[in-house]
Structures are given as C-alpha cells and as structure tokens.
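Data block below; observations after.
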Amino acid sequence: MVEATAIIVAAGEGRRLGGGISKLYVEVAGRSLLFRALDAFYRSKTVAHVVLVIAEKDFDRCALLLRADRELSQRSWIMQIGGATRQESVRRGLEKIPAACTIVTIHDGARPFVSPAIIDRSVEEAYVRKAVVVGVRVRDTIKVLSDDRRILSTPPRDSLWEIQTPQAFQRSLIVQAHESAYRDNFEGTDDAMLVERLGEPVYLIEGERSNIKITVPEDLIFADAMIRQGRVS
C-alpha cells in the first residue's frame, strides 16, 4: 500500500473571516475547522505521517489543544512553524517529512470537509502520475478582464476547473519545485503551479463540492448547514 506524508497548512491569519482568533480554530458544530481536516487525514488509508504547519503565535496553543483533544491526543504528528506566506509554510513543512516518505499530500487546514476517499485517491494517483490535484468544474461563466475592467474574452467553461486541495506529489518533484521557486523568488498561487513551471505535467482528479474553503463569514453558515443536513460528517 502507498504511504504518504500529509502537510496540513494552518499558518494563515484568516483576516477576512473576522473575529479575534485564527479561522482555523473557529468551531462549526462543536469542532474546529482545523481538527475536522485532521480527522479526515487520520481516517485515510494512505497517510502514515502528518506534518502540521502552524503560525508561530499559535504554535503553543495548538499543541495544547491537540494534546487535550480526545481523538487527536491518541495520534502522532510533527509540528512546524510556518512562514510569512503559504508557499514558505509548505517549504518549511517539507523540511519535516520523514526520510522514507515518497509521496507528499498538501492540504489547506481551512478545508475542513475533505474526505478520506479523496485523500487516498490523490495519493494513489500521485504514485503513478507524479503530480495530482483535486478540482471541480466551474459552473459560472468566467470573464477575462483588462486593468480597466473591460472584458477581453470569455473562455469556454468546459476547460475551466476550480482547484482544491489536497494536492499530491512524488516527494522529489515537489521538493525540487519549491527549491526552484525559492531560488528564483517566484511566488505561485498553489503548489501545482510550482511544478508546472518546471515543465512537468500535473493531472487532475474530480473532487467534491462539499470540500469548500472557509474564507468569509458566510462560509461558516454554509458549513454549519451542510453538517446539520448530514451532507458531511
């Protein structure tokens, strides 16, 4: 069986969500967003190790919460202090993965409803294809605009996908991609973009629309509704 290391990125501040604490520790139906994401990775069949990347100001607090949690206190994890950007946080997380690890799956802690099935499928595909992302088809019409907001074009929706996490890669490839980006001072919008700039192919598998990213307060309302309706665990 393929065994992977998961890097859970939880070092952001979540300013758009508001409130006095990082959004990762906001609770929905009695459990924090971050711990819901962690639950899924510990239930997966392919993830053997978890590296949790935490903002320095939240590091001690998160460790205390983990040790106090009835479910997660029984698990093992590796903690790492995050960087100023998501990309730097992932790069720091890569420094902590075990030497024997061959597959790395990277996930945003703000996506609490990722399913173990999607995690396992992405890891298994990455073992064969080297680089895999999860995504869903775009449902709205997308417009490309100029700086003055004049519409330049309307790309066909059939070719457009909304990319989610997890994103899974063979270890050597994602390490090379991050090292190259660091040397060139290049900042991408996701990890797959760093692999793409190496000229390496990245493949997509269809994800789940329930795998939402919590960004604004309205997302919390939607998340709570999904739990109450039984659409997510």
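Within each chain, counting starts at residue 1; across the structure tokens, chains are named A, B, ... in the order shown, with ligands numbered 1 upward in that order.
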Check: Using only C-alpha atoms, which residues sit within 10 Å of region 186-203 of chain A once same-chain residues fewer than 2 positions away are excluded, as an MDAnalysis selection string?
Finding: chainID A and resid 85:88 90:91 106 122 125:126 129:134 163:165 167:169 173:184 205
Would you save the residues of that selection, restricted to N, CA and C atoms, as an mmCIF file, in the first residue's frame?
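Writing the result to again.cif gives the following:
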data_model
loop_
_atom_site.group_PDB
_atom_site.id
_atom_site.type_symbol
_atom_site.label_atom_id
_atom_site.label_comp_id
_atom_site.auth_asym_id
_atom_site.auth_seq_id
_atom_site.Cartn_x
_atom_site.Cartn_y
_atom_site.Cartn_z
ATOM 1 N N THR A 85 4.351 33.480 4.107
ATOM 2 C CA THR A 85 3.397 33.168 3.039
ATOM 3 C C THR A 85 3.048 31.684 3.098
ATOM 4 N N ARG A 86 1.970 31.327 2.415
ATOM 5 C CA ARG A 86 1.599 29.914 2.357
ATOM 6 C C ARG A 86 2.718 29.095 1.735
ATOM 7 N N GLN A 87 3.312 29.624 0.661
ATOM 8 C CA GLN A 87 4.361 28.889 -0.036
ATOM 9 C C GLN A 87 5.557 28.632 0.876
ATOM 10 N N GLU A 88 5.930 29.629 1.656
ATOM 11 C CA GLU A 88 7.038 29.439 2.587
ATOM 12 C C GLU A 88 6.663 28.428 3.670
ATOM 13 N N VAL A 90 4.652 25.828 3.305
ATOM 14 C CA VAL A 90 4.762 24.495 2.714
ATOM 15 C C VAL A 90 6.229 24.084 2.622
ATOM 16 N N ARG A 91 7.079 25.016 2.190
ATOM 17 C CA ARG A 91 8.507 24.700 2.071
ATOM 18 C C ARG A 91 9.083 24.291 3.427
ATOM 19 N N ILE A 106 -0.520 17.747 0.182
ATOM 20 C CA ILE A 106 -0.555 19.070 0.809
ATOM 21 C C ILE A 106 -1.999 19.560 0.846
ATOM 22 N N SER A 122 -6.028 10.681 -4.373
ATOM 23 C CA SER A 122 -4.999 11.596 -4.860
ATOM 24 C C SER A 122 -3.602 11.046 -4.592
ATOM 25 N N GLU A 125 -2.964 8.159 -7.087
ATOM 26 C CA GLU A 125 -2.724 8.683 -8.440
ATOM 27 C C GLU A 125 -1.340 9.325 -8.529
ATOM 28 N N ALA A 126 -0.921 10.020 -7.475
ATOM 29 C CA ALA A 126 0.394 10.662 -7.490
ATOM 30 C C ALA A 126 1.520 9.636 -7.549
ATOM 31 N N ARG A 129 1.362 9.035 -11.346
ATOM 32 C CA ARG A 129 1.464 10.178 -12.264
ATOM 33 C C ARG A 129 2.372 11.311 -11.781
ATOM 34 N N LYS A 130 2.918 11.203 -10.610
ATOM 35 C CA LYS A 130 3.871 12.146 -10.020
ATOM 36 C C LYS A 130 3.237 13.392 -9.421
ATOM 37 N N ALA A 131 2.232 13.972 -10.080
ATOM 38 C CA ALA A 131 1.646 15.217 -9.588
ATOM 39 C C ALA A 131 0.150 15.226 -9.876
ATOM 40 N N VAL A 132 -0.650 15.392 -8.823
ATOM 41 C CA VAL A 132 -2.104 15.312 -8.967
ATOM 42 C C VAL A 132 -2.771 16.385 -8.115
ATOM 43 N N VAL A 133 -3.764 17.057 -8.693
ATOM 44 C CA VAL A 133 -4.575 17.997 -7.927
ATOM 45 C C VAL A 133 -6.027 17.548 -7.960
ATOM 46 N N VAL A 134 -6.793 18.067 -7.024
ATOM 47 C CA VAL A 134 -8.223 17.793 -6.940
ATOM 48 C C VAL A 134 -8.975 19.046 -7.375
ATOM 49 N N ILE A 163 -9.676 24.608 -8.604
ATOM 50 C CA ILE A 163 -8.725 23.700 -7.974
ATOM 51 C C ILE A 163 -8.834 23.775 -6.458
ATOM 52 N N GLN A 164 -8.838 22.604 -5.842
ATOM 53 C CA GLN A 164 -8.942 22.481 -4.396
ATOM 54 C C GLN A 164 -7.639 21.874 -3.852
ATOM 55 N N THR A 165 -7.668 21.528 -2.603
ATOM 56 C CA THR A 165 -6.645 20.652 -2.033
ATOM 57 C C THR A 165 -7.381 19.458 -1.432
ATOM 58 N N GLN A 167 -3.382 18.394 -2.778
ATOM 59 C CA GLN A 167 -2.582 18.225 -3.978
ATOM 60 C C GLN A 167 -1.448 17.278 -3.598
ATOM 61 N N ALA A 168 -1.260 16.238 -4.384
ATOM 62 C CA ALA A 168 -0.313 15.174 -4.023
ATOM 63 C C ALA A 168 0.791 15.063 -5.069
ATOM 64 N N PHE A 169 2.009 14.819 -4.580
ATOM 65 C CA PHE A 169 3.181 14.800 -5.455
ATOM 66 C C PHE A 169 4.184 13.752 -4.987
ATOM 67 N N LEU A 173 9.851 15.502 -6.643
ATOM 68 C CA LEU A 173 9.348 16.518 -7.564
ATOM 69 C C LEU A 173 8.901 17.771 -6.824
ATOM 70 N N ILE A 174 8.144 17.629 -5.763
ATOM 71 C CA ILE A 174 7.638 18.815 -5.057
ATOM 72 C C ILE A 174 8.770 19.525 -4.317
ATOM 73 N N VAL A 175 9.751 18.787 -3.828
ATOM 74 C CA VAL A 175 10.910 19.429 -3.196
ATOM 75 C C VAL A 175 11.680 20.234 -4.232
ATOM 76 N N GLN A 176 11.894 19.642 -5.401
ATOM 77 C CA GLN A 176 12.588 20.358 -6.477
ATOM 78 C C GLN A 176 11.825 21.613 -6.883
ATOM 79 N N ALA A 177 10.504 21.509 -6.975
ATOM 80 C CA ALA A 177 9.685 22.640 -7.393
ATOM 81 C C ALA A 177 9.776 23.793 -6.396
ATOM 82 N N HIS A 178 9.728 23.472 -5.120
ATOM 83 C CA HIS A 178 9.819 24.523 -4.103
ATOM 84 C C HIS A 178 11.213 25.125 -4.030
ATOM 85 N N GLU A 179 12.237 24.301 -4.180
ATOM 86 C CA GLU A 179 13.603 24.833 -4.170
ATOM 87 C C GLU A 179 13.840 25.758 -5.350
ATOM 88 N N SER A 180 13.326 25.392 -6.519
ATOM 89 C CA SER A 180 13.471 26.233 -7.710
ATOM 90 C C SER A 180 12.753 27.568 -7.536
ATOM 91 N N ALA A 181 11.527 27.521 -7.006
ATOM 92 C CA ALA A 181 10.768 28.754 -6.782
ATOM 93 C C ALA A 181 11.473 29.659 -5.776
ATOM 94 N N TYR A 182 12.046 29.056 -4.748
ATOM 95 C CA TYR A 182 12.754 29.839 -3.730
ATOM 96 C C TYR A 182 13.982 30.528 -4.322
ATOM 97 N N ARG A 183 14.742 29.802 -5.131
ATOM 98 C CA ARG A 183 15.932 30.385 -5.751
ATOM 99 C C ARG A 183 15.569 31.536 -6.683
ATOM 100 N N ASP A 184 14.447 31.374 -7.411
ATOM 101 C CA ASP A 184 14.051 32.373 -8.403
ATOM 102 C C ASP A 184 13.141 33.452 -7.834
ATOM 103 N N ILE A 205 -7.879 15.107 -10.744
ATOM 104 C CA ILE A 205 -8.961 14.170 -10.487
ATOM 105 C C ILE A 205 -10.139 14.967 -9.935
#
Margin query: Which residues are close to Glu124 (chain A), i.e. within 7 Å by only C-alpha atoms, leaving aside same-chain residues fewer than 4 positions away? Reply as a PyMOL selection string.
Written below: chain A and resi 2+120+128
May I have the residues within 12 Å of region 221-225 of chain A as a JSON list (two decimals) with N, CA and C atoms, in the first residue's frame, using only C-alpha atoms and disregarding those fewer than 5 positions away in the same chain?
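Result saved to out.json:
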[["chain", "number", "residue", "atom", "x", "y", "z"],
["A", 17, "LEU", "N", -12.24, 36.45, 7.65],
["A", 17, "LEU", "CA", -13.29, 35.82, 8.43],
["A", 17, "LEU", "C", -13.71, 36.69, 9.61],
["A", 26, "VAL", "N", -11.82, 28.36, 14.73],
["A", 26, "VAL", "CA", -13.25, 28.63, 14.83],
["A", 26, "VAL", "C", -13.99, 27.30, 14.76],
["A", 27, "GLU", "N", -14.97, 27.12, 15.63],
["A", 27, "GLU", "CA", -15.71, 25.87, 15.69],
["A", 27, "GLU", "C", -16.98, 25.91, 14.84],
["A", 28, "VAL", "N", -17.25, 24.80, 14.19],
["A", 28, "VAL", "CA", -18.51, 24.60, 13.48],
["A", 28, "VAL", "C", -19.12, 23.33, 14.05],
["A", 29, "ALA", "N", -20.32, 23.44, 14.59],
["A", 29, "ALA", "CA", -21.00, 22.30, 15.23],
["A", 29, "ALA", "C", -20.10, 21.63, 16.26],
["A", 30, "GLY", "N", -19.40, 22.45, 17.05],
["A", 30, "GLY", "CA", -18.65, 21.94, 18.19],
["A", 30, "GLY", "C", -17.25, 21.45, 17.91],
["A", 31, "ARG", "N", -16.75, 21.58, 16.68],
["A", 31, "ARG", "CA", -15.38, 21.13, 16.38],
["A", 31, "ARG", "C", -14.71, 22.15, 15.46],
["A", 32, "SER", "N", -13.44, 22.44, 15.74],
["A", 32, "SER", "CA", -12.74, 23.46, 14.97],
["A", 32, "SER", "C", -12.52, 23.01, 13.53],
["A", 33, "LEU", "N", -12.36, 24.00, 12.65],
["A", 33, "LEU", "CA", -12.12, 23.71, 11.23],
["A", 33, "LEU", "C", -10.85, 22.86, 11.06],
["A", 36, "ARG", "N", -11.29, 19.22, 12.19],
["A", 36, "ARG", "CA", -12.11, 18.47, 11.24],
["A", 36, "ARG", "C", -11.25, 17.99, 10.07],
["A", 110, "ALA", "N", -7.98, 25.12, 6.16],
["A", 110, "ALA", "CA", -9.27, 25.80, 6.07],
["A", 110, "ALA", "C", -10.28, 25.05, 5.21],
["A", 111, "ARG", "N", -9.93, 23.85, 4.76],
["A", 111, "ARG", "CA", -10.88, 22.98, 4.05],
["A", 111, "ARG", "C", -11.23, 21.82, 4.98],
["A", 112, "PRO", "N", -12.22, 22.01, 5.85],
["A", 112, "PRO", "CA", -12.50, 21.03, 6.91],
["A", 112, "PRO", "C", -13.24, 19.78, 6.46],
["A", 113, "PHE", "N", -13.82, 19.78, 5.25],
["A", 113, "PHE", "CA", -14.69, 18.68, 4.86],
["A", 113, "PHE", "C", -14.08, 17.78, 3.79],
["A", 209, "ARG", "N", -17.78, 18.91, -4.22],
["A", 209, "ARG", "CA", -18.19, 20.30, -3.98],
["A", 209, "ARG", "C", -18.32, 20.60, -2.49],
["A", 210, "SER", "N", -18.45, 19.59, -1.68],
["A", 210, "SER", "CA", -18.50, 19.80, -0.24],
["A", 210, "SER", "C", -17.14, 20.17, 0.35],
["A", 211, "ASN", "N", -16.08, 20.00, -0.43],
["A", 211, "ASN", "CA", -14.72, 20.30, 0.03],
["A", 211, "ASN", "C", -14.45, 21.80, -0.10],
["A", 212, "ILE", "N", -15.24, 22.59, 0.63],
["A", 212, "ILE", "CA", -15.16, 24.04, 0.50],
["A", 212, "ILE", "C", -14.03, 24.60, 1.35],
["A", 213, "LYS", "N", -13.56, 25.78, 0.96],
["A", 213, "LYS", "CA", -12.57, 26.50, 1.75],
["A", 213, "LYS", "C", -13.29, 27.59, 2.54],
["A", 214, "ILE", "N", -13.07, 27.63, 3.83],
["A", 214, "ILE", "CA", -13.71, 28.62, 4.68],
["A", 214, "ILE", "C", -12.89, 29.91, 4.61],
["A", 215, "THR", "N", -13.50, 30.96, 4.06],
["A", 215, "THR", "CA", -12.79, 32.21, 3.84],
["A", 215, "THR", "C", -13.51, 33.41, 4.45],
["A", 216, "VAL", "N", -14.81, 33.50, 4.22],
["A", 216, "VAL", "CA", -15.60, 34.64, 4.69],
["A", 216, "VAL", "C", -16.68, 34.12, 5.65],
["A", 230, "GLY", "N", -26.50, 16.62, 7.19],
["A", 230, "GLY", "CA", -25.87, 15.32, 7.03],
["A", 230, "GLY", "C", -25.10, 15.17, 5.73],
["A", 231, "ARG", "N", -24.78, 16.27, 5.06],
["A", 231, "ARG", "CA", -24.03, 16.20, 3.79],
["A", 231, "ARG", "C", -22.55, 15.93, 4.03],
["A", 232, "VAL", "N", -22.06, 16.28, 5.22],
["A", 232, "VAL", "CA", -20.68, 15.99, 5.61],
["A", 232, "VAL", "C", -20.72, 15.44, 7.02],
["A", 233, "SER", "N", -19.65, 14.77, 7.42],
["A", 233, "SER", "CA", -19.62, 14.17, 8.76],
["A", 233, "SER", "C", -19.35, 15.23, 9.80]]
Check: Could you pull out the strand (DSSP E) residues of region 15-76 of chain A from DSSP and send them as an NGL selection string?
Finding: :A and (27-28 or 31-32 or 47-54)
Residue selection dump (C-alpha atoms) as a PDB file, in the first residue's frame:
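As a result, again-v8.pdb now contains:
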ATOM      1  CA  GLU A  27     -15.713  25.865  15.690  1.00  0.00           C
ATOM      2  CA  VAL A  28     -18.513  24.596  13.478  1.00  0.00           C
ATOM      3  CA  ARG A  31     -15.380  21.130  16.381  1.00  0.00           C
ATOM      4  CA  SER A  32     -12.739  23.463  14.967  1.00  0.00           C
ATOM      5  CA  VAL A  47      -1.391   8.792   5.101  1.00  0.00           C
ATOM      6  CA  ALA A  48       1.216   7.479   7.536  1.00  0.00           C
ATOM      7  CA  HIS A  49       2.542  10.796   8.890  1.00  0.00           C
ATOM      8  CA  VAL A  50       1.126  14.285   9.419  1.00  0.00           C
ATOM      9  CA  VAL A  51       3.159  17.495   9.447  1.00  0.00           C
ATOM     10  CA  LEU A  52       1.143  20.369  10.869  1.00  0.00           C
ATOM     11  CA  VAL A  53       2.426  23.835   9.913  1.00  0.00           C
ATOM     12  CA  ILE A  54       1.275  26.436  12.437  1.00  0.00           C
TER      13      ILE A  54
END
Next item on the list: Identify, on the basis of only C-alpha atoms, every residue whose closest approach to Val104 (chain A) does not exceed 7 Å; exclude the query and any residue fewer than 3 positions from it along the same chain; express the result as a PyMOL selection string.
Entry: chain A and resi 4-6+168-171
Written file, previous selection with C-alpha atoms, as a PDB file, in the first residue's frame:
ATOM      1  CA  ALA A   4       2.225   9.314   2.257  1.00  0.00           C
ATOM      2  CA  THR A   5       3.071  12.228   4.492  1.00  0.00           C
ATOM      3  CA  ALA A   6       0.432  14.927   4.718  1.00  0.00           C
ATOM      4  CA  ALA A 168      -0.313  15.174  -4.023  1.00  0.00           C
ATOM      5  CA  PHE A 169       3.181  14.800  -5.455  1.00  0.00           C
ATOM      6  CA  GLN A 170       6.123  12.487  -5.538  1.00  0.00           C
ATOM      7  CA  ARG A 171       8.475  13.813  -2.899  1.00  0.00           C
TER       8      ARG A 171
END
From a DSSP calculation on the backbone, collect every residue of region 8-210 of chain A in helix (DSSP H, G or I) and output the set as a compact mmCIF listing (two decimals) with C-alpha atoms, in the first residue's frame.
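Output (out.txt):
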# COMPACT_ATOMS: atom_id res chain seq x y z
CA ARG A 15 -8.39 38.07 8.34
CA ARG A 16 -11.39 38.00 6.01
CA LEU A 17 -13.29 35.82 8.43
CA LYS A 23 -10.13 30.98 11.49
CA LEU A 24 -8.61 27.51 11.82
CA TYR A 25 -9.71 27.41 15.47
CA LEU A 33 -12.12 23.71 11.23
CA LEU A 34 -8.53 22.52 11.63
CA PHE A 35 -9.41 19.48 13.72
CA ARG A 36 -12.11 18.47 11.24
CA ALA A 37 -9.49 18.46 8.48
CA LEU A 38 -7.08 16.49 10.65
CA ASP A 39 -9.78 13.92 11.41
CA ALA A 40 -10.09 13.14 7.70
CA PHE A 41 -6.36 12.60 7.22
CA TYR A 42 -6.14 10.30 10.22
CA ARG A 43 -9.06 8.28 8.81
CA GLU A 56 4.40 30.96 15.42
CA LYS A 57 1.95 32.93 17.56
CA ASP A 58 -0.46 29.94 17.64
CA PHE A 59 2.16 27.20 17.97
CA ASP A 60 1.97 26.55 21.73
CA ARG A 61 -1.79 26.98 21.84
CA CYS A 62 -2.31 24.49 19.03
CA ALA A 63 -0.06 21.93 20.73
CA LEU A 64 -2.11 22.24 23.92
CA LEU A 65 -5.38 21.84 22.04
CA LEU A 66 -4.10 18.75 20.25
CA ARG A 67 -2.99 17.10 23.47
CA ALA A 68 -6.33 17.92 25.11
CA LEU A 72 -6.29 13.58 18.28
CA SER A 73 -4.34 13.09 21.50
CA GLN A 74 -4.09 9.41 20.55
CA ARG A 86 1.60 29.91 2.36
CA GLN A 87 4.36 28.89 -0.04
CA GLU A 88 7.04 29.44 2.59
CA SER A 89 4.96 27.48 5.08
CA VAL A 90 4.76 24.50 2.71
CA ARG A 91 8.51 24.70 2.07
CA ARG A 92 9.12 24.60 5.81
CA GLY A 93 6.73 21.68 6.11
CA LEU A 94 8.72 19.77 3.51
CA PRO A 116 -10.61 10.31 3.29
CA ALA A 117 -11.60 8.82 -0.08
CA ILE A 118 -10.36 11.87 -1.99
CA ILE A 119 -7.15 11.92 0.06
CA ASP A 120 -6.45 8.26 -0.72
CA ARG A 121 -7.29 8.59 -4.39
CA SER A 122 -5.00 11.60 -4.86
CA VAL A 123 -2.12 9.82 -3.12
CA GLU A 124 -2.56 6.67 -5.20
CA GLU A 125 -2.72 8.68 -8.44
CA ALA A 126 0.39 10.66 -7.49
CA TYR A 127 2.29 7.42 -7.02
CA VAL A 128 1.67 6.69 -10.71
CA ARG A 129 1.46 10.18 -12.26
CA ARG A 157 -16.33 26.60 -19.23
CA ASP A 158 -15.58 23.04 -20.32
CA SER A 159 -11.87 23.74 -19.97
CA ARG A 171 8.48 13.81 -2.90
CA SER A 172 11.48 14.52 -5.11
CA LEU A 173 9.35 16.52 -7.56
CA ILE A 174 7.64 18.81 -5.06
CA VAL A 175 10.91 19.43 -3.20
CA GLN A 176 12.59 20.36 -6.48
CA ALA A 177 9.68 22.64 -7.39
CA HIS A 178 9.82 24.52 -4.10
CA GLU A 179 13.60 24.83 -4.17
CA SER A 180 13.47 26.23 -7.71
CA ALA A 181 10.77 28.75 -6.78
CA TYR A 182 12.75 29.84 -3.73
CA ARG A 183 15.93 30.38 -5.75
CA ASP A 191 1.88 24.06 -5.20
CA ALA A 192 0.90 22.64 -8.58
CA MET A 193 1.90 25.94 -10.20
CA LEU A 194 5.46 25.44 -8.96
CA VAL A 195 5.57 22.02 -10.59
CA GLU A 196 4.07 23.38 -13.80
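Across the model, the gap from CA of Ala11 (chain A) to CA of Arg137 (chain A) is 28.0 Å.
Between CA of Lys45 (chain A) and CA of Gly12 (chain A) there is a distance of 27.6 Å.
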